[in-house]
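What follows is target.pdb (PDB, C-alpha atoms).
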MODEL        1
ATOM      1  CA  MET T   1      77.358  26.708 -73.417
ATOM      2  CA  LYS T   2      80.039  28.509 -71.375
ATOM      3  CA  ILE T   3      78.318  31.880 -71.866
ATOM      4  CA  LEU T   4      74.939  30.400 -70.859
ATOM      5  CA  LEU T   5      76.438  29.004 -67.630
ATOM      6  CA  GLN T   6      78.027  32.386 -66.873
ATOM      7  CA  ILE T   7      74.686  34.145 -67.377
ATOM      8  CA  ILE T   8      72.925  31.620 -65.123
ATOM      9  CA  GLY T   9      75.661  32.054 -62.495
ATOM     10  CA  ILE T  10      75.316  35.838 -62.561
ATOM     11  CA  LEU T  11      71.527  35.584 -62.240
ATOM     12  CA  VAL T  12      71.839  33.212 -59.270
ATOM     13  CA  LEU T  13      74.316  35.585 -57.597
ATOM     14  CA  LEU T  14      71.980  38.542 -58.194
ATOM     15  CA  LEU T  15      69.065  36.602 -56.689
ATOM     16  CA  LEU T  16      71.115  35.633 -53.631
ATOM     17  CA  ALA T  17      72.363  39.197 -53.176
ATOM     18  CA  THR T  18      68.787  40.486 -53.394
ATOM     19  CA  LEU T  19      67.536  37.981 -50.804
ATOM     20  CA  VAL T  20      70.382  38.733 -48.386
ATOM     21  CA  THR T  21      69.817  42.481 -48.796
ATOM     22  CA  LEU T  22      66.079  42.150 -48.146
ATOM     23  CA  LYS T  23      66.689  40.000 -45.068
ATOM     24  CA  LEU T  24      69.199  42.494 -43.675
ATOM     25  CA  LYS T  25      66.886  45.444 -44.381
ATOM     26  CA  THR T  26      63.923  43.847 -42.542
ATOM     27  CA  GLN T  27      65.723  42.443 -39.496
ATOM     28  CA  ASN T  28      65.286  45.694 -37.529
ATOM     29  CA  ASN T  29      61.813  46.617 -38.818
ATOM     30  CA  ASP T  30      58.850  47.025 -36.476
ATOM     31  CA  GLY T  31      57.562  43.553 -37.278
ATOM     32  CA  PRO T  32      58.180  41.009 -40.028
ATOM     33  CA  SER T  33      57.669  41.264 -43.768
ATOM     34  CA  VAL T  34      55.776  38.576 -45.633
ATOM     35  CA  LEU T  35      58.936  36.542 -46.238
ATOM     36  CA  PHE T  36      61.504  37.683 -43.707
ATOM     37  CA  PRO T  37      61.657  38.041 -39.931
ATOM     38  CA  GLY T  38      61.580  41.545 -38.513
ATOM     39  CA  GLY T  39      62.763  43.180 -35.349
ATOM     40  CA  LYS T  40      61.199  44.323 -32.096
ATOM     41  CA  LEU T  41      57.438  44.981 -32.115
ATOM     42  CA  VAL T  42      57.202  48.593 -30.928
ATOM     43  CA  SER T  43      54.009  50.048 -32.371
ATOM     44  CA  GLY T  44      50.582  49.300 -31.003
ATOM     45  CA  THR T  45      49.027  49.593 -27.583
ATOM     46  CA  LEU T  46      50.548  47.414 -24.859
ATOM     47  CA  TYR T  47      47.715  45.398 -23.297
ATOM     48  CA  GLU T  48      47.267  45.760 -19.554
ATOM     49  CA  GLY T  49      44.435  44.104 -17.720
ATOM     50  CA  PRO T  50      42.921  40.729 -16.987
ATOM     51  CA  GLU T  51      43.589  37.732 -19.208
ATOM     52  CA  PRO T  52      41.676  38.339 -22.467
ATOM     53  CA  ASP T  53      38.996  36.101 -23.938
ATOM     54  CA  TRP T  54      41.184  34.662 -26.689
ATOM     55  CA  SER T  55      38.242  33.426 -28.759
ATOM     56  CA  PHE T  56      38.592  36.590 -30.875
ATOM     57  CA  THR T  57      41.667  34.950 -32.450
ATOM     58  CA  ASP T  58      39.310  32.569 -34.281
ATOM     59  CA  ASP T  59      38.870  35.447 -36.741
ATOM     60  CA  VAL T  60      42.601  36.242 -36.990
ATOM     61  CA  PHE T  61      44.597  34.291 -39.591
ATOM     62  CA  THR T  62      48.121  35.207 -38.460
ATOM     63  CA  ILE T  63      49.702  37.264 -35.711
ATOM     64  CA  GLU T  64      53.102  38.840 -35.300
ATOM     65  CA  LEU T  65      55.228  37.133 -32.653
ATOM     66  CA  GLU T  66      58.440  38.591 -31.245
ATOM     67  CA  THR T  67      60.899  36.418 -29.378
ATOM     68  CA  SER T  68      63.621  37.950 -27.253
ATOM     69  CA  ASP T  69      66.861  35.986 -27.527
ATOM     70  CA  PRO T  70      67.768  37.018 -30.163
ATOM     71  CA  VAL T  71      65.123  39.701 -30.793
ATOM     72  CA  SER T  72      63.223  38.690 -33.898
ATOM     73  CA  SER T  73      59.616  38.742 -35.069
ATOM     74  CA  ARG T  74      57.646  36.640 -37.523
ATOM     75  CA  ARG T  75      54.104  35.994 -38.765
ATOM     76  CA  ILE T  76      52.597  32.862 -37.307
ATOM     77  CA  PHE T  77      49.315  30.957 -36.995
ATOM     78  CA  VAL T  78      47.350  31.327 -33.775
ATOM     79  CA  MET T  79      44.693  29.137 -32.158
ATOM     80  CA  GLU T  80      42.556  29.453 -29.054
ATOM     81  CA  SER T  81      41.619  26.258 -27.261
ATOM     82  CA  ASP T  82      39.939  25.882 -23.901
ATOM     83  CA  GLY T  83      40.421  29.577 -23.093
ATOM     84  CA  LYS T  84      44.163  29.595 -23.800
ATOM     85  CA  VAL T  85      46.078  30.784 -26.848
ATOM     86  CA  TYR T  86      48.664  28.745 -28.774
ATOM     87  CA  VAL T  87      51.096  29.040 -31.684
ATOM     88  CA  PRO T  88      52.523  26.141 -33.720
ATOM     89  CA  SER T  89      55.900  25.561 -35.288
ATOM     90  CA  GLY T  90      55.974  22.853 -37.941
ATOM     91  CA  TYR T  91      58.653  20.947 -39.835
ATOM     92  CA  MET T  92      60.806  20.831 -36.721
ATOM     93  CA  ARG T  93      62.711  17.662 -37.656
ATOM     94  CA  SER T  94      63.297  18.630 -41.281
ATOM     95  CA  PHE T  95      66.358  20.384 -42.688
ATOM     96  CA  LEU T  96      64.230  23.372 -43.734
ATOM     97  CA  GLY T  97      62.591  23.533 -40.313
ATOM     98  CA  LYS T  98      65.947  23.607 -38.568
ATOM     99  CA  LEU T  99      66.891  26.626 -40.686
ATOM    100  CA  TRP T 100      63.576  28.466 -40.888
ATOM    101  CA  LYS T 101      62.166  27.706 -37.416
ATOM    102  CA  ASP T 102      65.216  28.714 -35.404
ATOM    103  CA  TRP T 103      62.997  30.877 -33.162
ATOM    104  CA  ALA T 104      61.356  27.746 -31.696
ATOM    105  CA  PHE T 105      64.733  26.173 -30.921
ATOM    106  CA  ASP T 106      65.845  29.476 -29.343
ATOM    107  CA  VAL T 107      62.723  29.545 -27.140
ATOM    108  CA  GLU T 108      63.141  25.916 -26.134
ATOM    109  CA  ASP T 109      66.798  26.501 -25.209
ATOM    110  CA  GLY T 110      66.606  29.977 -23.690
ATOM    111  CA  SER T 111      64.344  32.895 -22.982
ATOM    112  CA  LYS T 112      60.626  32.169 -23.059
ATOM    113  CA  SER T 113      59.649  35.873 -23.176
ATOM    114  CA  ALA T 114      57.599  36.938 -26.165
ATOM    115  CA  VAL T 115      55.361  39.715 -27.418
ATOM    116  CA  ALA T 116      52.398  38.968 -29.655
ATOM    117  CA  ARG T 117      50.868  41.761 -31.733
ATOM    118  CA  ILE T 118      47.277  41.003 -32.645
ATOM    119  CA  ASN T 119      45.102  43.583 -34.396
ATOM    120  CA  GLY T 120      47.523  46.343 -33.362
ATOM    121  CA  VAL T 121      47.603  45.389 -29.667
ATOM    122  CA  ARG T 122      50.770  43.986 -28.077
ATOM    123  CA  TYR T 123      50.517  41.235 -25.446
ATOM    124  CA  GLU T 124      53.509  40.302 -23.269
ATOM    125  CA  ARG T 125      53.596  36.510 -22.958
ATOM    126  CA  GLN T 126      55.716  33.507 -22.005
ATOM    127  CA  LEU T 127      56.072  30.720 -24.578
ATOM    128  CA  VAL T 128      55.659  27.311 -22.970
ATOM    129  CA  ARG T 129      55.978  24.176 -25.093
ATOM    130  CA  VAL T 130      52.982  21.878 -24.652
ATOM    131  CA  THR T 131      53.156  18.084 -24.939
ATOM    132  CA  ASP T 132      50.135  16.945 -22.890
ATOM    133  CA  PRO T 133      48.066  14.770 -25.293
ATOM    134  CA  VAL T 134      44.754  16.048 -23.872
ATOM    135  CA  VAL T 135      45.729  19.671 -24.499
ATOM    136  CA  ILE T 136      47.251  18.790 -27.881
ATOM    137  CA  GLU T 137      44.016  17.159 -29.041
ATOM    138  CA  GLY T 138      42.054  20.370 -28.434
ATOM    139  CA  VAL T 139      44.723  22.505 -30.108
ATOM    140  CA  ALA T 140      44.956  20.029 -33.010
ATOM    141  CA  ARG T 141      41.197  20.223 -33.483
ATOM    142  CA  LYS T 142      41.353  24.024 -33.654
ATOM    143  CA  LEU T 143      44.411  23.967 -35.934
ATOM    144  CA  ALA T 144      42.710  21.555 -38.340
ATOM    145  CA  GLU T 145      39.453  23.518 -38.276
ATOM    146  CA  LYS T 146      41.121  26.850 -38.894
ATOM    147  CA  TYR T 147      44.005  26.013 -41.254
ATOM    148  CA  SER T 148      43.448  22.547 -42.741
ATOM    149  CA  GLY T 149      39.933  22.755 -44.123
ATOM    150  CA  GLY T 150      38.073  21.123 -41.283
ATOM    151  CA  ALA T 151      38.468  19.247 -38.026
ATOM    152  CA  THR T 152      37.874  15.775 -39.406
ATOM    153  CA  PRO T 153      38.975  12.917 -37.122
ATOM    154  CA  GLU T 154      41.714  12.098 -39.636
ATOM    155  CA  ALA T 155      43.060  15.674 -39.729
ATOM    156  CA  VAL T 156      43.050  15.965 -35.933
ATOM    157  CA  ALA T 157      44.776  12.572 -35.595
ATOM    158  CA  GLN T 158      47.391  13.561 -38.183
ATOM    159  CA  ILE T 159      48.221  16.807 -36.361
ATOM    160  CA  SER T 160      48.277  15.063 -32.974
ATOM    161  CA  GLN T 161      50.652  12.438 -34.397
ATOM    162  CA  SER T 162      52.866  15.159 -35.891
ATOM    163  CA  VAL T 163      53.155  16.712 -32.418
ATOM    164  CA  ALA T 164      53.821  13.321 -30.777
ATOM    165  CA  ASP T 165      56.543  12.613 -33.369
ATOM    166  CA  GLY T 166      58.211  15.991 -32.730
ATOM    167  CA  ASP T 167      57.548  17.269 -36.248
ATOM    168  CA  THR T 168      55.247  20.008 -34.925
ATOM    169  CA  TRP T 169      55.797  21.919 -31.708
ATOM    170  CA  ILE T 170      52.950  23.695 -29.942
ATOM    171  CA  PHE T 171      53.585  26.619 -27.616
ATOM    172  CA  GLU T 172      51.083  28.104 -25.202
ATOM    173  CA  MET T 173      51.347  31.887 -25.065
ATOM    174  CA  ALA T 174      50.970  31.920 -21.291
ATOM    175  CA  PRO T 175      50.554  35.107 -19.251
ATOM    176  CA  ASP T 176      53.816  36.900 -18.506
ATOM    177  CA  ASN T 177      53.964  36.976 -14.709
ATOM    178  CA  SER T 178      57.352  38.690 -14.464
TER
ENDMDL
END
Spell out the structure here as structure tokens.
Amino acid sequence: MKILLQIIGILVLLLLATLVTLKLKTQNNDGPSVLFPGGKLVSGTLYEGPEPDWSFTDDVFTIELETSDPVSSRRIFVMESDGKVYVPSGYMRSFLGKLWKDWAFDVEDGSKSAVARINGVRYERQLVRVTDPVVIEGVARKLAEKYSGGATPEAVAQISQSVADGDTWIFEMAPDNS
């Protein structure tokens, strides 16, 4: 039994060492990996021009989003609603959310500057948390339609309630006017 516990302990340590190494190796990459955050988004054309028609994001499953304080990037869902573009952050009141979604807490408490890379194009934005129930209903409808199998009244109500309860945060990726 003692040998079995030692073997299990060594395997757990190897797994932890591998995960820490992978996280450290990706933290300065040009964008995130599938599992770990990355660094500054540097490749891709920087968009300059009028506000885009964000409806093209209906065909984009995830985008890369870089936040600035601290600089970090991740893959995230994206929704267009009423001509504006939004990103969600779920599980905000859970233990896992407080660990994994630290970017949203950082944005709420500090710098709102962000860069979104969508289909190889970088967009400089400002992340603004949205709580207006009218706006949330439209975003919830799009979120349910795109990621939850359909915008049924129940699914939209569930997402809207999750936002009202603080379990899900919604950020508008507003134009960067700096």
I need the output of the PyMOL selection byres ((chain T and resi 138-148) around 10) for this file as a PDB file with C-alpha atoms, keeping the file's coordinate frame; which residues are they?
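Output file result.pdb is given in full below:
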ATOM      1  CA  ASP T  58      39.310  32.569 -34.281  1.00  0.00           C
ATOM      2  CA  ASP T  59      38.870  35.447 -36.741  1.00  0.00           C
ATOM      3  CA  VAL T  60      42.601  36.242 -36.990  1.00  0.00           C
ATOM      4  CA  PHE T  61      44.597  34.291 -39.591  1.00  0.00           C
ATOM      5  CA  PHE T  77      49.315  30.957 -36.995  1.00  0.00           C
ATOM      6  CA  VAL T  78      47.350  31.327 -33.775  1.00  0.00           C
ATOM      7  CA  MET T  79      44.693  29.137 -32.158  1.00  0.00           C
ATOM      8  CA  GLU T  80      42.556  29.453 -29.054  1.00  0.00           C
ATOM      9  CA  SER T  81      41.619  26.258 -27.261  1.00  0.00           C
ATOM     10  CA  ASP T  82      39.939  25.882 -23.901  1.00  0.00           C
ATOM     11  CA  LYS T  84      44.163  29.595 -23.800  1.00  0.00           C
ATOM     12  CA  VAL T  85      46.078  30.784 -26.848  1.00  0.00           C
ATOM     13  CA  TYR T  86      48.664  28.745 -28.774  1.00  0.00           C
ATOM     14  CA  VAL T  87      51.096  29.040 -31.684  1.00  0.00           C
ATOM     15  CA  PRO T  88      52.523  26.141 -33.720  1.00  0.00           C
ATOM     16  CA  VAL T 130      52.982  21.878 -24.652  1.00  0.00           C
ATOM     17  CA  PRO T 133      48.066  14.770 -25.293  1.00  0.00           C
ATOM     18  CA  VAL T 134      44.754  16.048 -23.872  1.00  0.00           C
ATOM     19  CA  VAL T 135      45.729  19.671 -24.499  1.00  0.00           C
ATOM     20  CA  ILE T 136      47.251  18.790 -27.881  1.00  0.00           C
ATOM     21  CA  GLU T 137      44.016  17.159 -29.041  1.00  0.00           C
ATOM     22  CA  GLY T 149      39.933  22.755 -44.123  1.00  0.00           C
ATOM     23  CA  GLY T 150      38.073  21.123 -41.283  1.00  0.00           C
ATOM     24  CA  ALA T 151      38.468  19.247 -38.026  1.00  0.00           C
ATOM     25  CA  THR T 152      37.874  15.775 -39.406  1.00  0.00           C
ATOM     26  CA  PRO T 153      38.975  12.917 -37.122  1.00  0.00           C
ATOM     27  CA  GLU T 154      41.714  12.098 -39.636  1.00  0.00           C
ATOM     28  CA  ALA T 155      43.060  15.674 -39.729  1.00  0.00           C
ATOM     29  CA  VAL T 156      43.050  15.965 -35.933  1.00  0.00           C
ATOM     30  CA  ALA T 157      44.776  12.572 -35.595  1.00  0.00           C
ATOM     31  CA  GLN T 158      47.391  13.561 -38.183  1.00  0.00           C
ATOM     32  CA  ILE T 159      48.221  16.807 -36.361  1.00  0.00           C
ATOM     33  CA  SER T 160      48.277  15.063 -32.974  1.00  0.00           C
ATOM     34  CA  GLN T 161      50.652  12.438 -34.397  1.00  0.00           C
ATOM     35  CA  SER T 162      52.866  15.159 -35.891  1.00  0.00           C
ATOM     36  CA  VAL T 163      53.155  16.712 -32.418  1.00  0.00           C
ATOM     37  CA  ILE T 170      52.950  23.695 -29.942  1.00  0.00           C
ATOM     38  CA  GLU T 172      51.083  28.104 -25.202  1.00  0.00           C
TER      39      GLU T 172
END
All residues 10 Å or closer to Trp100 in chain T, all atoms listed in the file, same chain fewer than 4 positions away omitted, as a PyMOL selection string: chain T and resi 36-37+89-92+94-96+104
Computed interatomic separation between CA of Arg74 in chain T and CA of Val20 in chain T (Å): 16.9 Å
Record the distance separating CA of Arg93 in chain T and CA of Val71 in chain T, expressed in Å with one decimal.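 Taking CA of Arg93 in chain T as the start and CA of Val71 in chain T as the end point, the length is 23.2 Å.
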Is it possible to get the axis-aligned box enclosing range 82-89 of chain T (all listed atoms, 3 Å extra per side) as JSON, with centre and edge lengths in Å rounded to one decimal?
{"center_x": 47.9, "center_y": 28.2, "center_z": -29.2, "size_x": 22.0, "size_y": 11.2, "size_z": 18.2}
Selection dump of the PyMOL selection byres ((chain T and resi 40) around 8), as a PyMOL selection string: chain T and resi 28-31+38-39+41-42+66+71-73
Reconstruct N, CA, C and O atoms of range 128-149 of chain T from the incomplete input and present them as a short mmCIF file (atom, residue, chain, number, x, y, z; two decimals), in the frame of the given file.
data_model
loop_
_atom_site.label_atom_id
_atom_site.label_comp_id
_atom_site.auth_asym_id
_atom_site.auth_seq_id
_atom_site.Cartn_x
_atom_site.Cartn_y
_atom_site.Cartn_z
N VAL T 128 55.46 28.56 -23.70
CA VAL T 128 55.66 27.31 -22.97
C VAL T 128 55.28 26.16 -23.91
O VAL T 128 54.13 26.07 -24.35
N ARG T 129 56.25 25.31 -24.20
CA ARG T 129 55.98 24.18 -25.09
C ARG T 129 55.02 23.20 -24.42
O ARG T 129 55.18 22.85 -23.24
N VAL T 130 54.03 22.76 -25.17
CA VAL T 130 52.98 21.88 -24.65
C VAL T 130 53.14 20.49 -25.29
O VAL T 130 53.27 20.38 -26.51
N THR T 131 53.08 19.46 -24.44
CA THR T 131 53.16 18.08 -24.94
C THR T 131 52.03 17.20 -24.40
O THR T 131 51.90 16.06 -24.83
N ASP T 132 51.23 17.71 -23.48
CA ASP T 132 50.14 16.94 -22.89
C ASP T 132 49.15 16.54 -23.99
O ASP T 132 48.55 17.40 -24.64
N PRO T 133 48.94 15.23 -24.21
CA PRO T 133 48.07 14.77 -25.29
C PRO T 133 46.63 15.31 -25.22
O PRO T 133 46.00 15.54 -26.25
N VAL T 134 46.12 15.52 -24.02
CA VAL T 134 44.75 16.05 -23.87
C VAL T 134 44.69 17.48 -24.39
O VAL T 134 43.78 17.85 -25.14
N VAL T 135 45.67 18.29 -24.02
CA VAL T 135 45.73 19.67 -24.50
C VAL T 135 45.98 19.69 -26.01
O VAL T 135 45.33 20.43 -26.75
N ILE T 136 46.90 18.84 -26.46
CA ILE T 136 47.25 18.79 -27.88
C ILE T 136 46.04 18.43 -28.73
O ILE T 136 45.85 19.00 -29.81
N GLU T 137 45.19 17.54 -28.26
CA GLU T 137 44.02 17.16 -29.04
C GLU T 137 43.11 18.36 -29.29
O GLU T 137 42.63 18.57 -30.40
N GLY T 138 42.87 19.17 -28.26
CA GLY T 138 42.05 20.37 -28.43
C GLY T 138 42.69 21.37 -29.37
O GLY T 138 42.02 21.96 -30.23
N VAL T 139 44.00 21.58 -29.23
CA VAL T 139 44.72 22.50 -30.11
C VAL T 139 44.74 21.96 -31.54
O VAL T 139 44.55 22.71 -32.50
N ALA T 140 44.95 20.65 -31.68
CA ALA T 140 44.96 20.03 -33.01
C ALA T 140 43.60 20.18 -33.70
O ALA T 140 43.53 20.44 -34.90
N ARG T 141 42.55 20.05 -32.93
CA ARG T 141 41.20 20.22 -33.48
C ARG T 141 41.03 21.65 -34.02
O ARG T 141 40.56 21.87 -35.12
N LYS T 142 41.47 22.63 -33.24
CA LYS T 142 41.35 24.02 -33.65
C LYS T 142 42.25 24.32 -34.85
O LYS T 142 41.86 25.01 -35.78
N LEU T 143 43.47 23.78 -34.83
CA LEU T 143 44.41 23.97 -35.93
C LEU T 143 43.85 23.39 -37.23
O LEU T 143 43.89 24.03 -38.28
N ALA T 144 43.30 22.19 -37.15
CA ALA T 144 42.71 21.56 -38.34
C ALA T 144 41.50 22.34 -38.83
O ALA T 144 41.32 22.55 -40.04
N GLU T 145 40.66 22.77 -37.91
CA GLU T 145 39.45 23.52 -38.28
C GLU T 145 39.81 24.84 -38.95
O GLU T 145 39.21 25.21 -39.95
N LYS T 146 40.79 25.50 -38.44
CA LYS T 146 41.12 26.85 -38.89
C LYS T 146 42.02 26.87 -40.12
O LYS T 146 41.86 27.72 -40.99
N TYR T 147 42.98 25.93 -40.21
CA TYR T 147 44.00 26.01 -41.25
C TYR T 147 44.07 24.82 -42.20
O TYR T 147 44.79 24.87 -43.19
N SER T 148 43.34 23.74 -41.90
CA SER T 148 43.45 22.55 -42.74
C SER T 148 42.13 22.15 -43.38
O SER T 148 41.97 21.01 -43.80
N GLY T 149 41.17 23.03 -43.41
CA GLY T 149 39.93 22.76 -44.12
C GLY T 149 38.88 22.01 -43.34
O GLY T 149 37.87 21.60 -43.90
#
